[in-house]
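Working notes for the structure below.
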Amino acid sequence: MAQQNVRMFRTTGAIPYMEYGLGDDRLGGAKMGYLDSNVLVKVIDSVNGDYVVKLSRQHYAYMPKSSVKPADEVKPKDYYLSSSIKVYGDSAYDYVSINLDEKLPYRAQHVMNPTGIDVDLFGITSNTNWITQLSSAREIANTWYEQIEDDVLRIHIQLKAGQLWGHSIYYDTLSRKMYIRVKRKPPADVKKWKIAIDAGHGGTNSGAAGVNTKVLEKDYTLLMAKELEKAFKKSGMKQVFMTRTMDTTLSMEERILMLRKQQPDILLSIHLNSSSVDTVKGTSTFYRYIGFRPLTQFILRNMLSLGLKEFGNVGSFNFALSGPTEYPNCLVEVAFLSNSDDEKKIVDPKFHKNMALKIVKGVKEFAASVQAGSPPVKGK
């Protein structure tokens, strides 16, 4: 039976997203994931600046009102079906394509041991009777589906490699076909990798300030990012993209869209930490998705060799540039501007050079590890 008091909306804007609930912090609410544009959602309520979206009989999400637009011409249906699935590759990526009755919401998560990606399609009941798998797929080992609830279909994608290199999910613009695009591993020669570097903050967003010197985070993240760019190029890794090279105001959305066009092999985001307690100090690396953790582990291990205290390797982090799934990414909180000892290091140009060399070394160790099929760093 069709839902009562339901209004149909479609996602709009460059990067619409879903949140688990109404909780909030300085980084925003806990995000369930990003969606493509023109995805149909059922809105059942409104709370402040969010709509309450019913994904399935047992699942709900919250979406900013700016992320959706009314689709009153569409009437809610009792059910939507899936159809055939195809697995194949082209010259650059592997794909899983799924024919659906409608462009409906989805959620993806990394799976480890063996590595893979699980994609939940909300509101979909299986009518899939076959999966065609072509030999042109080079990274995808197996694909199968599971009806985990009456109206939630899960697509399992098992990968051959031990390291997840990224994926994206989108719908065909002219049909209701969904594509899950799986990134293949980059060249064995790390010198051929494309590295993206983001200098945190900038322009009107100054970030933290030094406890004694009052230097601004935005200025020193840029100095460190430029030093890191030099270190990569000097080591033979010539493909380096910088999100900013000047004191420029850039929103997180602008950075994400910029990086989406560049399609880097990895992203490194450089920040400086701060605390209300001036004894807190140390270095840390952050990731959101478990499949991207190894990169952050190798970088942290090398950062610790600079004599910095360990603040930790932090996962499930809700930072905007940790959100993209297209490439492994690492947020480096180099040290604390609010701590006198760390601040002395931060303002020292020699430290910038040494820091850059350590991050480059961490990236190279990560590359060597995944090529050799070795496990990630233990204990970090």
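The way I read the labels, and the way they are meant: chains A, B, ... in the order of the structure tokens, residue 1 as the first residue of every chain, and ligand 1 as the first ligand shown, with later ones counted on from there.
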Which segment 168-226 of chain A residues have any atom within 8 Å of an atom of segment 27-36 of chain A, and for each, what is the nearest pair of atoms with distance in Å to one decimal, counting only C-alpha atoms, rows sorted by chain and number, as a tab-separated table?
residue	atom	partner	partner_atom	distance
A:Ile169	CA	A:Asp36	CA	7.4
A:Tyr170	CA	A:Asp36	CA	5.5
A:Tyr171	CA	A:Asp36	CA	6.9
Excluding same-chain residues fewer than 2 positions from Asp189 of chain A, what lies within 12 Å of it counting only C-alpha atoms, as a ChimeraX atom specification? /A:185-187,191-194,236-237,364,367-368,370-371
Using the selection just defined, write its residues with N, CA and C atoms as a tab-separated table (two decimals), in the first residue's frame.
chain	number	residue	atom	x	y	z
A	185	LYS	N	44.04	-0.28	-9.73
A	185	LYS	CA	45.25	0.14	-9.03
A	185	LYS	C	46.12	0.98	-9.96
A	186	PRO	N	46.81	1.97	-9.42
A	186	PRO	CA	47.66	2.83	-10.24
A	186	PRO	C	48.90	2.07	-10.70
A	187	PRO	N	49.74	2.68	-11.53
A	187	PRO	CA	50.93	1.99	-12.03
A	187	PRO	C	51.83	1.48	-10.90
A	191	LYS	N	56.31	6.67	-9.23
A	191	LYS	CA	56.65	7.94	-9.87
A	191	LYS	C	55.60	8.35	-10.90
A	192	LYS	N	54.78	7.40	-11.32
A	192	LYS	CA	53.74	7.70	-12.30
A	192	LYS	C	52.40	8.04	-11.63
A	193	TRP	N	52.35	8.01	-10.31
A	193	TRP	CA	51.12	8.34	-9.61
A	193	TRP	C	50.83	9.83	-9.70
A	194	LYS	N	49.55	10.15	-9.62
A	194	LYS	CA	49.13	11.56	-9.54
A	194	LYS	C	48.77	11.86	-8.08
A	236	GLY	N	60.96	12.44	-8.00
A	236	GLY	CA	60.62	11.85	-9.29
A	236	GLY	C	59.13	11.75	-9.56
A	237	MET	N	58.30	12.15	-8.58
A	237	MET	CA	56.84	12.09	-8.75
A	237	MET	C	56.37	13.44	-9.27
A	364	LYS	N	55.66	6.38	-0.37
A	364	LYS	CA	56.44	5.37	-1.10
A	364	LYS	C	56.39	4.01	-0.39
A	367	ALA	N	53.05	2.53	-1.17
A	367	ALA	CA	53.03	2.02	-2.54
A	367	ALA	C	53.76	0.68	-2.64
A	368	ALA	N	54.92	0.60	-1.99
A	368	ALA	CA	55.69	-0.65	-2.03
A	368	ALA	C	54.93	-1.77	-1.33
A	370	VAL	N	51.60	-2.18	-0.96
A	370	VAL	CA	50.46	-2.71	-1.70
A	370	VAL	C	50.90	-3.45	-2.95
A	371	GLN	N	52.02	-3.05	-3.54
A	371	GLN	CA	52.53	-3.79	-4.69
A	371	GLN	C	53.00	-5.18	-4.29
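Remark: for Val47 of chain A, the closest of the candidate residues A:Gly21, A:Thr12, A:Asp265, A:Ala71 is A:Gly21 (distances computed over only C-alpha atoms).
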Point out the residue among A:Met112, A:Leu164, A:Ala231, A:Ala196 with the least atom-to-atom distance to Lys261 of chain A, counting only C-alpha atoms. A:Ala196
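Within 8 Å of segment 200-216 of chain A there are Asp219, Tyr220, Thr221, Leu222, Met246, Asp247, Thr248, Thr249, Leu250, Ser269, Ile270, His271, Leu272, Asn273, Ser274, Leu337, Ser338, Asn339, Ser340 and Glu343 of chain A, counting only C-alpha atoms and ignoring same-chain residues fewer than 3 positions away.
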Deliver the residues from the most recent selection as a file, using N, CA and C atoms, as a tab-separated table (two decimals), in the first residue's frame.
chain	number	residue	atom	x	y	z
A	219	ASP	N	48.29	30.06	6.62
A	219	ASP	CA	49.57	30.44	6.04
A	219	ASP	C	50.58	29.29	6.11
A	220	TYR	N	50.57	28.59	7.22
A	220	TYR	CA	51.58	27.54	7.40
A	220	TYR	C	51.19	26.22	6.74
A	221	THR	N	49.90	25.96	6.58
A	221	THR	CA	49.54	24.78	5.78
A	221	THR	C	49.96	24.99	4.33
A	222	LEU	N	49.88	26.22	3.85
A	222	LEU	CA	50.30	26.50	2.47
A	222	LEU	C	51.81	26.36	2.32
A	246	MET	N	47.92	29.85	-3.40
A	246	MET	CA	47.92	31.20	-2.83
A	246	MET	C	46.94	31.25	-1.67
A	247	ASP	N	46.83	32.42	-1.06
A	247	ASP	CA	45.89	32.61	0.05
A	247	ASP	C	44.49	32.80	-0.51
A	248	THR	N	43.92	31.68	-0.98
A	248	THR	CA	42.65	31.70	-1.70
A	248	THR	C	41.53	31.15	-0.83
A	249	THR	N	40.36	31.77	-0.91
A	249	THR	CA	39.18	31.24	-0.24
A	249	THR	C	38.56	30.16	-1.12
A	250	LEU	N	38.50	28.94	-0.61
A	250	LEU	CA	37.90	27.82	-1.33
A	250	LEU	C	36.95	27.09	-0.39
A	269	SER	N	45.82	15.95	2.64
A	269	SER	CA	45.30	17.23	3.12
A	269	SER	C	46.08	17.65	4.35
A	270	ILE	N	46.67	18.84	4.31
A	270	ILE	CA	47.57	19.30	5.36
A	270	ILE	C	46.87	20.32	6.27
A	271	HIS	N	46.86	20.02	7.57
A	271	HIS	CA	46.24	20.91	8.56
A	271	HIS	C	47.14	21.02	9.79
A	272	LEU	N	46.82	21.98	10.63
A	272	LEU	CA	47.46	22.14	11.93
A	272	LEU	C	46.39	22.08	13.00
A	273	ASN	N	46.66	21.37	14.07
A	273	ASN	CA	45.66	21.12	15.09
A	273	ASN	C	45.66	22.21	16.16
A	274	SER	N	44.63	22.20	16.99
A	274	SER	CA	44.53	23.15	18.09
A	274	SER	C	43.65	22.56	19.17
A	337	LEU	N	49.16	23.96	17.03
A	337	LEU	CA	49.52	25.38	17.16
A	337	LEU	C	49.27	25.89	18.57
A	338	SER	N	48.43	25.20	19.32
A	338	SER	CA	48.07	25.62	20.68
A	338	SER	C	49.06	25.14	21.73
A	339	ASN	N	50.09	24.39	21.29
A	339	ASN	CA	51.11	23.88	22.21
A	339	ASN	C	52.45	24.54	21.89
A	340	SER	N	53.12	25.04	22.90
A	340	SER	CA	54.36	25.80	22.69
A	340	SER	C	55.44	24.98	22.01
A	343	GLU	N	54.44	24.34	18.42
A	343	GLU	CA	54.46	25.60	17.67
A	343	GLU	C	55.87	25.95	17.19
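Taking atom CA of Gln239 of chain A and atom CA of Ser322 of chain A as the two end points, the separation is 21.2 Å.
Each of A:Val280, A:Met224, A:Ile197, A:Trp144 was compared to Met258 of chain A using only C-alpha atoms, and A:Ile197 turns out to be the nearest.
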Closest of A:Ala225, A:Ile290, A:Leu321, A:Leu259 to Met355 of chain A - atom-to-atom distances counting only C-alpha atoms: A:Ala225
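Nearest to Gly123 of chain A of all the residues A:Lys75, A:Arg138, A:Arg107, A:Arg57 is A:Arg57, counting only C-alpha atoms.
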